[in-house]
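Okay, coords.cif now, which holds mmCIF, N, CA, C and O atoms and all ligand atoms:
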data_data
loop_
_atom_site.label_atom_id
_atom_site.label_comp_id
_atom_site.auth_asym_id
_atom_site.auth_seq_id
_atom_site.Cartn_x
_atom_site.Cartn_y
_atom_site.Cartn_z
N MET I 1 -30.09 18.16 -48.05
CA MET I 1 -31.15 17.31 -48.59
C MET I 1 -32.09 16.86 -47.47
O MET I 1 -31.66 16.39 -46.43
N HIS I 2 -33.36 16.99 -47.68
CA HIS I 2 -34.41 16.61 -46.75
C HIS I 2 -34.25 15.16 -46.28
O HIS I 2 -34.29 14.86 -45.10
N GLU I 3 -34.04 14.24 -47.23
CA GLU I 3 -33.96 12.82 -46.89
C GLU I 3 -32.76 12.51 -46.01
O GLU I 3 -32.83 11.62 -45.17
N LEU I 4 -31.67 13.23 -46.21
CA LEU I 4 -30.49 12.97 -45.38
C LEU I 4 -30.77 13.32 -43.92
O LEU I 4 -30.38 12.59 -43.01
N SER I 5 -31.50 14.40 -43.70
CA SER I 5 -31.81 14.75 -42.31
C SER I 5 -32.76 13.72 -41.70
O SER I 5 -32.69 13.44 -40.50
N ILE I 6 -33.61 13.12 -42.52
CA ILE I 6 -34.47 12.04 -42.04
C ILE I 6 -33.61 10.84 -41.62
O ILE I 6 -33.77 10.29 -40.54
N VAL I 7 -32.67 10.48 -42.49
CA VAL I 7 -31.79 9.34 -42.18
C VAL I 7 -31.01 9.61 -40.90
O VAL I 7 -30.90 8.75 -40.04
N LEU I 8 -30.51 10.83 -40.75
CA LEU I 8 -29.72 11.15 -39.56
C LEU I 8 -30.56 11.09 -38.29
O LEU I 8 -30.07 10.67 -37.25
N SER I 9 -31.82 11.45 -38.39
CA SER I 9 -32.65 11.35 -37.18
C SER I 9 -32.99 9.89 -36.88
O SER I 9 -33.12 9.50 -35.72
N ILE I 10 -33.09 9.05 -37.93
CA ILE I 10 -33.29 7.61 -37.70
C ILE I 10 -32.04 7.02 -37.05
O ILE I 10 -32.13 6.20 -36.13
N VAL I 11 -30.87 7.46 -37.51
CA VAL I 11 -29.61 7.00 -36.91
C VAL I 11 -29.59 7.36 -35.42
O VAL I 11 -29.20 6.55 -34.57
N GLU I 12 -30.05 8.55 -35.11
CA GLU I 12 -30.07 9.01 -33.72
C GLU I 12 -30.97 8.11 -32.86
O GLU I 12 -30.60 7.71 -31.75
N ILE I 13 -32.15 7.79 -33.40
CA ILE I 13 -33.07 6.90 -32.68
C ILE I 13 -32.41 5.54 -32.46
O ILE I 13 -32.43 4.99 -31.36
N ALA I 14 -31.80 5.01 -33.53
CA ALA I 14 -31.17 3.70 -33.45
C ALA I 14 -30.03 3.69 -32.44
O ALA I 14 -29.88 2.76 -31.65
N GLU I 15 -29.23 4.75 -32.44
CA GLU I 15 -28.11 4.80 -31.51
C GLU I 15 -28.59 4.86 -30.06
O GLU I 15 -28.00 4.26 -29.17
N GLY I 16 -29.69 5.56 -29.86
CA GLY I 16 -30.28 5.61 -28.53
C GLY I 16 -30.72 4.23 -28.05
O GLY I 16 -30.48 3.85 -26.91
N GLN I 17 -31.33 3.47 -28.96
CA GLN I 17 -31.82 2.13 -28.60
C GLN I 17 -30.65 1.18 -28.35
O GLN I 17 -30.69 0.37 -27.42
N VAL I 18 -29.64 1.27 -29.18
CA VAL I 18 -28.46 0.41 -29.02
C VAL I 18 -27.78 0.69 -27.68
O VAL I 18 -27.40 -0.24 -26.96
N ARG I 19 -27.69 1.95 -27.34
CA ARG I 19 -27.07 2.33 -26.06
C ARG I 19 -27.89 1.79 -24.89
O ARG I 19 -27.36 1.23 -23.95
N LYS I 20 -29.19 1.98 -25.00
CA LYS I 20 -30.08 1.56 -23.92
C LYS I 20 -29.99 0.05 -23.69
O LYS I 20 -30.07 -0.42 -22.56
N ALA I 21 -29.85 -0.70 -24.78
CA ALA I 21 -29.83 -2.16 -24.67
C ALA I 21 -28.41 -2.69 -24.50
O ALA I 21 -28.20 -3.90 -24.44
N SER I 22 -27.44 -1.81 -24.40
CA SER I 22 -26.02 -2.20 -24.36
C SER I 22 -25.69 -3.17 -25.49
O SER I 22 -24.96 -4.13 -25.31
N ALA I 23 -26.25 -2.91 -26.65
CA ALA I 23 -25.97 -3.74 -27.82
C ALA I 23 -24.81 -3.13 -28.61
O ALA I 23 -24.25 -2.10 -28.22
N ARG I 24 -24.48 -3.80 -29.69
CA ARG I 24 -23.35 -3.36 -30.49
C ARG I 24 -23.81 -2.64 -31.76
O ARG I 24 -23.27 -1.63 -32.17
N GLN I 25 -24.82 -3.22 -32.39
CA GLN I 25 -25.26 -2.67 -33.65
C GLN I 25 -26.69 -3.11 -33.96
O GLN I 25 -27.27 -3.93 -33.25
N VAL I 26 -27.21 -2.55 -35.05
CA VAL I 26 -28.55 -2.92 -35.50
C VAL I 26 -28.42 -3.93 -36.64
O VAL I 26 -27.68 -3.70 -37.59
N ASP I 27 -29.13 -5.06 -36.50
CA ASP I 27 -29.11 -6.07 -37.57
C ASP I 27 -30.21 -5.83 -38.59
O ASP I 27 -30.07 -6.14 -39.76
N ARG I 28 -31.33 -5.34 -38.07
CA ARG I 28 -32.47 -5.15 -38.96
C ARG I 28 -33.27 -3.96 -38.47
O ARG I 28 -33.49 -3.78 -37.27
N ILE I 29 -33.73 -3.15 -39.42
CA ILE I 29 -34.58 -2.02 -39.06
C ILE I 29 -35.79 -2.01 -39.99
O ILE I 29 -35.67 -2.21 -41.21
N ASP I 30 -36.95 -1.83 -39.40
CA ASP I 30 -38.19 -1.74 -40.18
C ASP I 30 -38.73 -0.32 -40.05
O ASP I 30 -38.91 0.18 -38.95
N LEU I 31 -38.98 0.28 -41.19
CA LEU I 31 -39.51 1.64 -41.21
C LEU I 31 -40.91 1.64 -41.81
O LEU I 31 -41.19 0.89 -42.74
N GLU I 32 -41.75 2.49 -41.27
CA GLU I 32 -43.07 2.70 -41.86
C GLU I 32 -43.10 4.11 -42.44
O GLU I 32 -42.88 5.09 -41.73
N ILE I 33 -43.35 4.16 -43.74
CA ILE I 33 -43.34 5.46 -44.40
C ILE I 33 -44.61 5.61 -45.24
O ILE I 33 -44.89 4.81 -46.13
N GLY I 34 -45.38 6.62 -44.92
CA GLY I 34 -46.60 6.88 -45.65
C GLY I 34 -46.30 7.47 -47.02
O GLY I 34 -45.31 8.18 -47.22
N THR I 35 -47.18 7.17 -47.98
CA THR I 35 -46.95 7.68 -49.33
C THR I 35 -47.16 9.20 -49.42
O THR I 35 -46.78 9.82 -50.39
N LEU I 36 -47.74 9.79 -48.37
CA LEU I 36 -47.88 11.25 -48.34
C LEU I 36 -46.95 11.88 -47.29
O LEU I 36 -47.15 13.01 -46.87
N SER I 37 -45.94 11.14 -46.88
CA SER I 37 -45.04 11.66 -45.85
C SER I 37 -44.09 12.71 -46.41
O SER I 37 -43.42 13.41 -45.66
N GLY I 38 -44.01 12.80 -47.72
CA GLY I 38 -43.10 13.75 -48.34
C GLY I 38 -41.73 13.16 -48.60
O GLY I 38 -40.85 13.83 -49.12
N VAL I 39 -41.58 11.88 -48.26
CA VAL I 39 -40.30 11.23 -48.49
C VAL I 39 -40.21 10.74 -49.93
O VAL I 39 -41.11 10.08 -50.44
N GLU I 40 -39.12 11.08 -50.56
CA GLU I 40 -38.82 10.62 -51.91
C GLU I 40 -38.03 9.32 -51.76
O GLU I 40 -36.93 9.34 -51.22
N PHE I 41 -38.61 8.19 -52.18
CA PHE I 41 -38.00 6.90 -51.84
C PHE I 41 -36.63 6.69 -52.46
O PHE I 41 -35.73 6.15 -51.83
N THR I 42 -36.44 7.13 -53.69
CA THR I 42 -35.12 6.95 -54.30
C THR I 42 -34.09 7.85 -53.64
O THR I 42 -32.95 7.44 -53.43
N ALA I 43 -34.51 9.03 -53.27
CA ALA I 43 -33.60 9.95 -52.55
C ALA I 43 -33.26 9.38 -51.18
O ALA I 43 -32.15 9.53 -50.68
N LEU I 44 -34.24 8.70 -50.58
CA LEU I 44 -34.00 8.09 -49.27
C LEU I 44 -32.95 6.99 -49.38
O LEU I 44 -32.05 6.90 -48.54
N ASP I 45 -33.05 6.16 -50.42
CA ASP I 45 -32.04 5.11 -50.64
C ASP I 45 -30.65 5.69 -50.71
O ASP I 45 -29.71 5.20 -50.09
N PHE I 46 -30.53 6.73 -51.47
CA PHE I 46 -29.25 7.39 -51.67
C PHE I 46 -28.73 7.97 -50.36
O PHE I 46 -27.59 7.77 -49.97
N ALA I 47 -29.63 8.68 -49.66
CA ALA I 47 -29.25 9.32 -48.41
C ALA I 47 -28.89 8.26 -47.35
O ALA I 47 -28.03 8.47 -46.50
N TRP I 48 -29.57 7.13 -47.44
CA TRP I 48 -29.32 6.06 -46.48
C TRP I 48 -27.86 5.60 -46.54
O TRP I 48 -27.18 5.50 -45.52
N ASP I 49 -27.41 5.31 -47.77
CA ASP I 49 -26.04 4.81 -47.95
C ASP I 49 -25.02 5.78 -47.38
O ASP I 49 -24.02 5.38 -46.80
N VAL I 50 -25.28 7.06 -47.55
CA VAL I 50 -24.36 8.08 -47.05
C VAL I 50 -24.49 8.23 -45.53
O VAL I 50 -23.51 8.25 -44.80
N GLY I 51 -25.74 8.27 -45.07
CA GLY I 51 -26.01 8.64 -43.69
C GLY I 51 -25.68 7.58 -42.65
O GLY I 51 -25.42 7.91 -41.50
N VAL I 52 -25.70 6.30 -43.03
CA VAL I 52 -25.50 5.25 -42.03
C VAL I 52 -24.03 4.82 -41.90
O VAL I 52 -23.71 4.01 -41.04
N GLN I 53 -23.19 5.36 -42.74
CA GLN I 53 -21.77 5.00 -42.66
C GLN I 53 -21.21 5.30 -41.27
O GLN I 53 -21.45 6.36 -40.71
N HIS I 54 -20.45 4.33 -40.75
CA HIS I 54 -19.81 4.48 -39.43
C HIS I 54 -20.82 4.69 -38.31
O HIS I 54 -20.53 5.35 -37.33
N THR I 55 -22.01 4.16 -38.49
CA THR I 55 -23.00 4.23 -37.41
C THR I 55 -23.46 2.81 -37.08
O THR I 55 -23.06 1.84 -37.76
N VAL I 56 -24.30 2.71 -36.06
CA VAL I 56 -24.81 1.38 -35.66
C VAL I 56 -25.71 0.77 -36.74
O VAL I 56 -26.04 -0.42 -36.67
N LEU I 57 -26.09 1.56 -37.73
CA LEU I 57 -26.96 1.05 -38.79
C LEU I 57 -26.19 0.59 -40.03
O LEU I 57 -26.78 0.17 -41.01
N HIS I 58 -24.89 0.67 -39.93
CA HIS I 58 -24.05 0.40 -41.10
C HIS I 58 -24.35 -0.97 -41.73
O HIS I 58 -24.42 -1.11 -42.94
N ASN I 59 -24.51 -2.00 -40.89
CA ASN I 59 -24.75 -3.35 -41.41
C ASN I 59 -26.21 -3.77 -41.35
O ASN I 59 -26.53 -4.92 -41.58
N ALA I 60 -27.07 -2.86 -41.01
CA ALA I 60 -28.47 -3.23 -40.81
C ALA I 60 -29.18 -3.51 -42.14
O ALA I 60 -29.00 -2.80 -43.12
N GLU I 61 -30.00 -4.56 -42.12
CA GLU I 61 -30.88 -4.80 -43.22
C GLU I 61 -32.08 -3.88 -43.05
O GLU I 61 -32.64 -3.80 -41.96
N ARG I 62 -32.47 -3.23 -44.12
CA ARG I 62 -33.53 -2.23 -43.99
C ARG I 62 -34.78 -2.66 -44.73
O ARG I 62 -34.72 -3.08 -45.88
N PHE I 63 -35.90 -2.58 -44.04
CA PHE I 63 -37.17 -2.92 -44.66
C PHE I 63 -38.08 -1.70 -44.58
O PHE I 63 -38.25 -1.12 -43.50
N ILE I 64 -38.64 -1.32 -45.71
CA ILE I 64 -39.54 -0.18 -45.74
C ILE I 64 -40.96 -0.67 -46.00
O ILE I 64 -41.21 -1.38 -46.96
N HIS I 65 -41.85 -0.32 -45.10
CA HIS I 65 -43.25 -0.65 -45.27
C HIS I 65 -43.96 0.62 -45.71
O HIS I 65 -44.06 1.58 -44.94
N LYS I 66 -44.42 0.62 -46.94
CA LYS I 66 -45.11 1.80 -47.44
C LYS I 66 -46.56 1.76 -46.98
O LYS I 66 -47.24 0.75 -47.14
N ILE I 67 -47.00 2.86 -46.44
CA ILE I 67 -48.37 2.94 -45.96
C ILE I 67 -49.19 3.78 -46.92
O ILE I 67 -48.90 4.97 -47.12
N PRO I 68 -50.18 3.17 -47.56
CA PRO I 68 -50.99 3.91 -48.53
C PRO I 68 -51.80 5.00 -47.85
O PRO I 68 -52.25 4.84 -46.72
N ALA I 69 -51.97 6.10 -48.55
CA ALA I 69 -52.68 7.24 -47.98
C ALA I 69 -54.19 7.04 -48.06
O ALA I 69 -54.72 6.55 -49.06
N ARG I 70 -54.86 7.42 -46.98
CA ARG I 70 -56.32 7.39 -46.94
C ARG I 70 -56.83 8.68 -46.32
O ARG I 70 -56.17 9.27 -45.47
N ALA I 71 -57.99 9.09 -46.77
CA ALA I 71 -58.58 10.32 -46.24
C ALA I 71 -60.03 10.09 -45.85
O ALA I 71 -60.69 9.17 -46.35
N ARG I 72 -60.52 10.93 -44.93
CA ARG I 72 -61.92 10.88 -44.54
C ARG I 72 -62.59 12.18 -44.96
O ARG I 72 -62.12 13.27 -44.66
N CYS I 73 -63.70 12.02 -45.65
CA CYS I 73 -64.46 13.18 -46.11
C CYS I 73 -65.03 13.92 -44.91
O CYS I 73 -65.59 13.33 -43.99
N MET I 74 -64.89 15.25 -44.91
CA MET I 74 -65.36 16.06 -43.78
C MET I 74 -66.88 16.20 -43.80
O MET I 74 -67.48 16.63 -42.83
N ASP I 75 -67.48 15.86 -44.92
CA ASP I 75 -68.92 16.01 -45.01
C ASP I 75 -69.65 14.69 -44.75
O ASP I 75 -70.47 14.59 -43.84
N CYS I 76 -69.32 13.66 -45.52
CA CYS I 76 -70.08 12.41 -45.41
C CYS I 76 -69.33 11.31 -44.68
O CYS I 76 -69.85 10.20 -44.55
N ASN I 77 -68.10 11.62 -44.20
CA ASN I 77 -67.33 10.65 -43.41
C ASN I 77 -66.85 9.43 -44.20
O ASN I 77 -66.34 8.48 -43.62
N HIS I 78 -67.03 9.45 -45.49
CA HIS I 78 -66.54 8.35 -46.32
C HIS I 78 -65.01 8.33 -46.25
O HIS I 78 -64.36 9.36 -46.30
N VAL I 79 -64.45 7.12 -46.10
CA VAL I 79 -62.99 6.98 -46.06
C VAL I 79 -62.54 6.34 -47.36
O VAL I 79 -63.11 5.35 -47.80
N PHE I 80 -61.54 6.94 -47.98
CA PHE I 80 -61.13 6.46 -49.31
C PHE I 80 -59.63 6.62 -49.50
O PHE I 80 -58.97 7.41 -48.83
N ASP I 81 -59.08 5.85 -50.45
CA ASP I 81 -57.66 5.91 -50.79
C ASP I 81 -57.38 7.17 -51.60
O ASP I 81 -58.17 7.55 -52.46
N ILE I 82 -56.25 7.81 -51.32
CA ILE I 82 -55.87 8.98 -52.12
C ILE I 82 -54.43 8.82 -52.60
O ILE I 82 -53.62 8.15 -51.97
N GLN I 83 -54.15 9.39 -53.73
CA GLN I 83 -52.80 9.39 -54.27
C GLN I 83 -52.08 10.69 -53.91
O GLN I 83 -50.87 10.77 -53.89
N GLN I 84 -52.85 11.72 -53.69
CA GLN I 84 -52.28 13.02 -53.36
C GLN I 84 -53.29 13.81 -52.53
O GLN I 84 -54.44 13.39 -52.41
N LEU I 85 -52.84 14.94 -52.01
CA LEU I 85 -53.74 15.75 -51.20
C LEU I 85 -54.82 16.39 -52.07
O LEU I 85 -54.66 16.56 -53.27
N PHE I 86 -55.91 16.74 -51.44
CA PHE I 86 -57.01 17.47 -52.09
C PHE I 86 -57.64 16.70 -53.25
O PHE I 86 -57.92 17.25 -54.30
N GLU I 87 -57.85 15.43 -53.03
CA GLU I 87 -58.63 14.66 -54.00
C GLU I 87 -60.09 14.71 -53.56
O GLU I 87 -60.38 14.67 -52.37
N PRO I 88 -61.01 14.77 -54.51
CA PRO I 88 -62.42 14.83 -54.13
C PRO I 88 -62.93 13.51 -53.57
O PRO I 88 -62.44 12.45 -53.94
N CYS I 89 -63.91 13.60 -52.70
CA CYS I 89 -64.55 12.41 -52.14
C CYS I 89 -65.30 11.68 -53.26
O CYS I 89 -66.10 12.29 -53.98
N PRO I 90 -65.05 10.38 -53.43
CA PRO I 90 -65.74 9.64 -54.50
C PRO I 90 -67.24 9.48 -54.22
O PRO I 90 -68.01 9.20 -55.14
N ALA I 91 -67.63 9.66 -52.97
CA ALA I 91 -69.05 9.49 -52.65
C ALA I 91 -69.86 10.76 -52.89
O ALA I 91 -70.96 10.72 -53.43
N CYS I 92 -69.29 11.93 -52.46
CA CYS I 92 -70.08 13.16 -52.57
C CYS I 92 -69.40 14.27 -53.35
O CYS I 92 -70.00 15.30 -53.64
N GLY I 93 -68.14 14.09 -53.70
CA GLY I 93 -67.46 15.06 -54.54
C GLY I 93 -66.82 16.22 -53.81
O GLY I 93 -66.17 17.06 -54.43
N LEU I 94 -66.97 16.26 -52.48
CA LEU I 94 -66.38 17.36 -51.73
C LEU I 94 -64.86 17.23 -51.69
O LEU I 94 -64.33 16.13 -51.62
N PHE I 95 -64.19 18.38 -51.70
CA PHE I 95 -62.73 18.36 -51.67
C PHE I 95 -62.17 18.46 -50.25
O PHE I 95 -60.97 18.36 -50.06
N LEU I 96 -63.04 18.73 -49.30
CA LEU I 96 -62.57 18.88 -47.93
C LEU I 96 -62.46 17.53 -47.24
O LEU I 96 -63.46 16.87 -46.99
N ASN I 97 -61.24 17.12 -46.98
CA ASN I 97 -61.08 15.85 -46.26
C ASN I 97 -59.85 15.93 -45.37
O ASN I 97 -59.00 16.79 -45.54
N GLU I 98 -59.79 15.03 -44.43
CA GLU I 98 -58.60 14.99 -43.60
C GLU I 98 -57.89 13.67 -43.85
O GLU I 98 -58.51 12.62 -43.99
N VAL I 99 -56.56 13.77 -43.92
CA VAL I 99 -55.76 12.58 -44.15
C VAL I 99 -55.73 11.77 -42.86
O VAL I 99 -55.36 12.28 -41.81
N VAL I 100 -56.17 10.53 -42.91
CA VAL I 100 -56.20 9.70 -41.70
C VAL I 100 -55.04 8.70 -41.68
O VAL I 100 -54.76 8.10 -40.67
N GLN I 101 -54.38 8.54 -42.79
CA GLN I 101 -53.28 7.59 -42.88
C GLN I 101 -52.42 7.95 -44.07
O GLN I 101 -52.95 8.40 -45.08
N GLY I 102 -51.10 7.78 -43.94
CA GLY I 102 -50.23 8.01 -45.08
C GLY I 102 -49.18 9.07 -44.86
O GLY I 102 -48.34 9.31 -45.71
N LYS I 103 -49.20 9.72 -43.66
CA LYS I 103 -48.17 10.71 -43.37
C LYS I 103 -47.13 10.16 -42.40
O LYS I 103 -46.28 10.89 -41.90
N GLU I 104 -47.22 8.86 -42.14
CA GLU I 104 -46.32 8.24 -41.17
C GLU I 104 -44.86 8.29 -41.64
O GLU I 104 -44.56 8.20 -42.82
N LEU I 105 -44.00 8.42 -40.66
CA LEU I 105 -42.57 8.28 -40.91
C LEU I 105 -41.99 7.85 -39.58
O LEU I 105 -41.76 8.67 -38.70
N ARG I 106 -41.89 6.54 -39.39
CA ARG I 106 -41.42 6.11 -38.09
C ARG I 106 -40.65 4.80 -38.15
O ARG I 106 -40.78 4.02 -39.09
N VAL I 107 -39.86 4.61 -37.12
CA VAL I 107 -39.14 3.36 -36.95
C VAL I 107 -40.10 2.39 -36.30
O VAL I 107 -40.56 2.61 -35.19
N LYS I 108 -40.42 1.32 -37.01
CA LYS I 108 -41.39 0.35 -36.50
C LYS I 108 -40.70 -0.59 -35.52
O LYS I 108 -41.21 -0.87 -34.45
N SER I 109 -39.56 -1.11 -35.91
CA SER I 109 -38.84 -2.00 -34.99
C SER I 109 -37.36 -2.07 -35.35
O SER I 109 -36.95 -1.76 -36.48
N LEU I 110 -36.59 -2.49 -34.37
CA LEU I 110 -35.14 -2.65 -34.53
C LEU I 110 -34.74 -3.99 -33.97
O LEU I 110 -35.26 -4.41 -32.93
N GLU I 111 -33.85 -4.69 -34.66
CA GLU I 111 -33.27 -5.89 -34.09
C GLU I 111 -31.79 -5.61 -33.83
O GLU I 111 -31.06 -5.21 -34.74
N LEU I 112 -31.40 -5.79 -32.60
CA LEU I 112 -30.04 -5.43 -32.20
C LEU I 112 -29.20 -6.67 -31.96
O LEU I 112 -29.71 -7.75 -31.73
N SER I 113 -27.90 -6.48 -32.00
CA SER I 113 -27.01 -7.56 -31.60
C SER I 113 -25.79 -6.97 -30.92
O SER I 113 -25.57 -5.78 -30.98
ZN ZN A 201 -67.96 12.82 -49.06
#

Just give me the structure of the file as structure tokens.
Amino acid sequence: MHELSIVLSIVEIAEGQVRKASARQVDRIDLEIGTLSGVEFTALDFAWDVGVQHTVLHNAERFIHKIPARARCMDCNHVFDIQQLFEPCPACGLFLNEVVQGKELRVKSLELS
């Protein structure tokens, strides 16, 4: 499952930070996930429960910050919210745009103890 490999890589990041800080575990983790990152949020919840067992994230409180997707029109530079890829520019109707926000998938912060 795609989401499980995401969780496992987050675990890896967290374990690296815990080791570096000579801490014991993670109390809180904040994630930033774009709505176009390809992450299925319910699948992520499920994968999380499985993936963090017996890791430093086992007791961590998890906060997910969803980042809404935005695109910039390649023609008129208009920036607008999108729900999915290849939406037309509301200003000029062109379909060519680049996603400027919404593909994020990162650990924003960790609180260790
Ligand atoms: Zn446009």

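Residues in contact range of I:Pro68, defined as at most 12 Å between only C-alpha atoms, with sequence neighbours fewer than 6 positions away removed, read I:Glu32, I:Ile33, I:Gly34, I:Thr35, I:Leu36, I:Ser37, I:Phe80, I:Asp81, I:Ile82, I:Gln83, I:Gln84, I:Val99, I:Val100, I:Gln101, I:Gly102, I:Lys103, I:Glu104.
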
For the selection just defined, write its residues with N, CA, C and O atoms to a file, as a CSV table (one decimal), in the frame of the given file.
chain,number,residue,atom,x,y,z
I,32,GLU,N,-41.8,2.5,-41.3
I,32,GLU,CA,-43.1,2.7,-41.9
I,32,GLU,C,-43.1,4.1,-42.4
I,32,GLU,O,-42.9,5.1,-41.7
I,33,ILE,N,-43.4,4.2,-43.7
I,33,ILE,CA,-43.3,5.5,-44.4
I,33,ILE,C,-44.6,5.6,-45.2
I,33,ILE,O,-44.9,4.8,-46.1
I,34,GLY,N,-45.4,6.6,-44.9
I,34,GLY,CA,-46.6,6.9,-45.6
I,34,GLY,C,-46.3,7.5,-47.0
I,34,GLY,O,-45.3,8.2,-47.2
I,35,THR,N,-47.2,7.2,-48.0
I,35,THR,CA,-47.0,7.7,-49.3
I,35,THR,C,-47.2,9.2,-49.4
I,35,THR,O,-46.8,9.8,-50.4
I,36,LEU,N,-47.7,9.8,-48.4
I,36,LEU,CA,-47.9,11.2,-48.3
I,36,LEU,C,-47.0,11.9,-47.3
I,36,LEU,O,-47.2,13.0,-46.9
I,37,SER,N,-45.9,11.1,-46.9
I,37,SER,CA,-45.0,11.7,-45.8
I,37,SER,C,-44.1,12.7,-46.4
I,37,SER,O,-43.4,13.4,-45.7
I,80,PHE,N,-61.5,6.9,-48.0
I,80,PHE,CA,-61.1,6.5,-49.3
I,80,PHE,C,-59.6,6.6,-49.5
I,80,PHE,O,-59.0,7.4,-48.8
I,81,ASP,N,-59.1,5.8,-50.4
I,81,ASP,CA,-57.7,5.9,-50.8
I,81,ASP,C,-57.4,7.2,-51.6
I,81,ASP,O,-58.2,7.6,-52.5
I,82,ILE,N,-56.2,7.8,-51.3
I,82,ILE,CA,-55.9,9.0,-52.1
I,82,ILE,C,-54.4,8.8,-52.6
I,82,ILE,O,-53.6,8.2,-52.0
I,83,GLN,N,-54.2,9.4,-53.7
I,83,GLN,CA,-52.8,9.4,-54.3
I,83,GLN,C,-52.1,10.7,-53.9
I,83,GLN,O,-50.9,10.8,-53.9
I,84,GLN,N,-52.8,11.7,-53.7
I,84,GLN,CA,-52.3,13.0,-53.4
I,84,GLN,C,-53.3,13.8,-52.5
I,84,GLN,O,-54.4,13.4,-52.4
I,99,VAL,N,-56.6,13.8,-43.9
I,99,VAL,CA,-55.8,12.6,-44.2
I,99,VAL,C,-55.7,11.8,-42.9
I,99,VAL,O,-55.4,12.3,-41.8
I,100,VAL,N,-56.2,10.5,-42.9
I,100,VAL,CA,-56.2,9.7,-41.7
I,100,VAL,C,-55.0,8.7,-41.7
I,100,VAL,O,-54.8,8.1,-40.7
I,101,GLN,N,-54.4,8.5,-42.8
I,101,GLN,CA,-53.3,7.6,-42.9
I,101,GLN,C,-52.4,8.0,-44.1
I,101,GLN,O,-53.0,8.4,-45.1
I,102,GLY,N,-51.1,7.8,-43.9
I,102,GLY,CA,-50.2,8.0,-45.1
I,102,GLY,C,-49.2,9.1,-44.9
I,102,GLY,O,-48.3,9.3,-45.7
I,103,LYS,N,-49.2,9.7,-43.7
I,103,LYS,CA,-48.2,10.7,-43.4
I,103,LYS,C,-47.1,10.2,-42.4
I,103,LYS,O,-46.3,10.9,-41.9
I,104,GLU,N,-47.2,8.9,-42.1
I,104,GLU,CA,-46.3,8.2,-41.2
I,104,GLU,C,-44.9,8.3,-41.6
I,104,GLU,O,-44.6,8.2,-42.8

- Which is closest to ligand ZN 201 (chain A) among I:Asp49, I:Asp75, I:Glu111, I:Glu3, if we use all atoms listed in the file? I:Asp75

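Taking only N, CA, C and O atoms and all ligand atoms into account, ligand ZN 201 (chain A) has within 8 Å the residues Arg72, Cys73, Met74, Asp75, Cys76, Asn77, His78, Val79, Pro88, Cys89, Pro90, Ala91, Cys92, Gly93, Leu94, Phe95 and Leu96 of chain I.
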
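Distance check against I:His65 using all atoms listed in the file: of I:Arg106, I:Ile6, I:Arg24, I:Val11, the minimum falls on I:Arg106.
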
- Counting all atoms listed in the file, what is within 6 Å of I:Ser113, bar same-chain residues fewer than 4 positions away, as JSON, numbers by chain? {"I": [22, 23, 24, 25, 26, 27]}

Take the selection from the previous step and output its residues with N, CA, C and O atoms, as a PDB file, keeping the file's coordinate frame.
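This went into again.pdb:
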ATOM      1  N   SER I  22     -27.440  -1.810 -24.400  1.00  0.00           N
ATOM      2  CA  SER I  22     -26.020  -2.200 -24.360  1.00  0.00           C
ATOM      3  C   SER I  22     -25.690  -3.170 -25.490  1.00  0.00           C
ATOM      4  O   SER I  22     -24.960  -4.130 -25.310  1.00  0.00           O
ATOM      5  N   ALA I  23     -26.250  -2.910 -26.650  1.00  0.00           N
ATOM      6  CA  ALA I  23     -25.970  -3.740 -27.820  1.00  0.00           C
ATOM      7  C   ALA I  23     -24.810  -3.130 -28.610  1.00  0.00           C
ATOM      8  O   ALA I  23     -24.250  -2.100 -28.220  1.00  0.00           O
ATOM      9  N   ARG I  24     -24.480  -3.800 -29.690  1.00  0.00           N
ATOM     10  CA  ARG I  24     -23.350  -3.360 -30.490  1.00  0.00           C
ATOM     11  C   ARG I  24     -23.810  -2.640 -31.760  1.00  0.00           C
ATOM     12  O   ARG I  24     -23.270  -1.630 -32.170  1.00  0.00           O
ATOM     13  N   GLN I  25     -24.820  -3.220 -32.390  1.00  0.00           N
ATOM     14  CA  GLN I  25     -25.260  -2.670 -33.650  1.00  0.00           C
ATOM     15  C   GLN I  25     -26.690  -3.110 -33.960  1.00  0.00           C
ATOM     16  O   GLN I  25     -27.270  -3.930 -33.250  1.00  0.00           O
ATOM     17  N   VAL I  26     -27.210  -2.550 -35.050  1.00  0.00           N
ATOM     18  CA  VAL I  26     -28.550  -2.920 -35.500  1.00  0.00           C
ATOM     19  C   VAL I  26     -28.420  -3.930 -36.640  1.00  0.00           C
ATOM     20  O   VAL I  26     -27.680  -3.700 -37.590  1.00  0.00           O
ATOM     21  N   ASP I  27     -29.130  -5.060 -36.500  1.00  0.00           N
ATOM     22  CA  ASP I  27     -29.110  -6.070 -37.570  1.00  0.00           C
ATOM     23  C   ASP I  27     -30.210  -5.830 -38.590  1.00  0.00           C
ATOM     24  O   ASP I  27     -30.070  -6.140 -39.760  1.00  0.00           O
TER      25      ASP I  27
END

- Task: Just list the residues in chain I DSSP gives helix (DSSP H, G or I) on the backbone, as JSON, numbers by chain.
- Result: {"I": [2, 3, 4, 5, 6, 7, 8, 9, 10, 11, 12, 13, 14, 15, 16, 17, 18, 19, 20, 41, 42, 43, 44, 45, 46, 47, 48, 49, 50, 51]}

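Candidate residues I:Arg62, I:Lys108, I:His2, I:Arg28 were compared for distance to I:Ala43, and the nearest is I:His2, using all atoms listed in the file.
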
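Proximity of I:Leu8, I:Val107, I:Ile29, I:Leu112 to I:Ala47, computed with only C-alpha atoms, is greatest for I:Leu8.
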
- Which of I:Ala71, I:Val56, I:Val18, I:Val50 sits closest to I:Glu87 [using only N, CA, C and O atoms]: I:Ala71
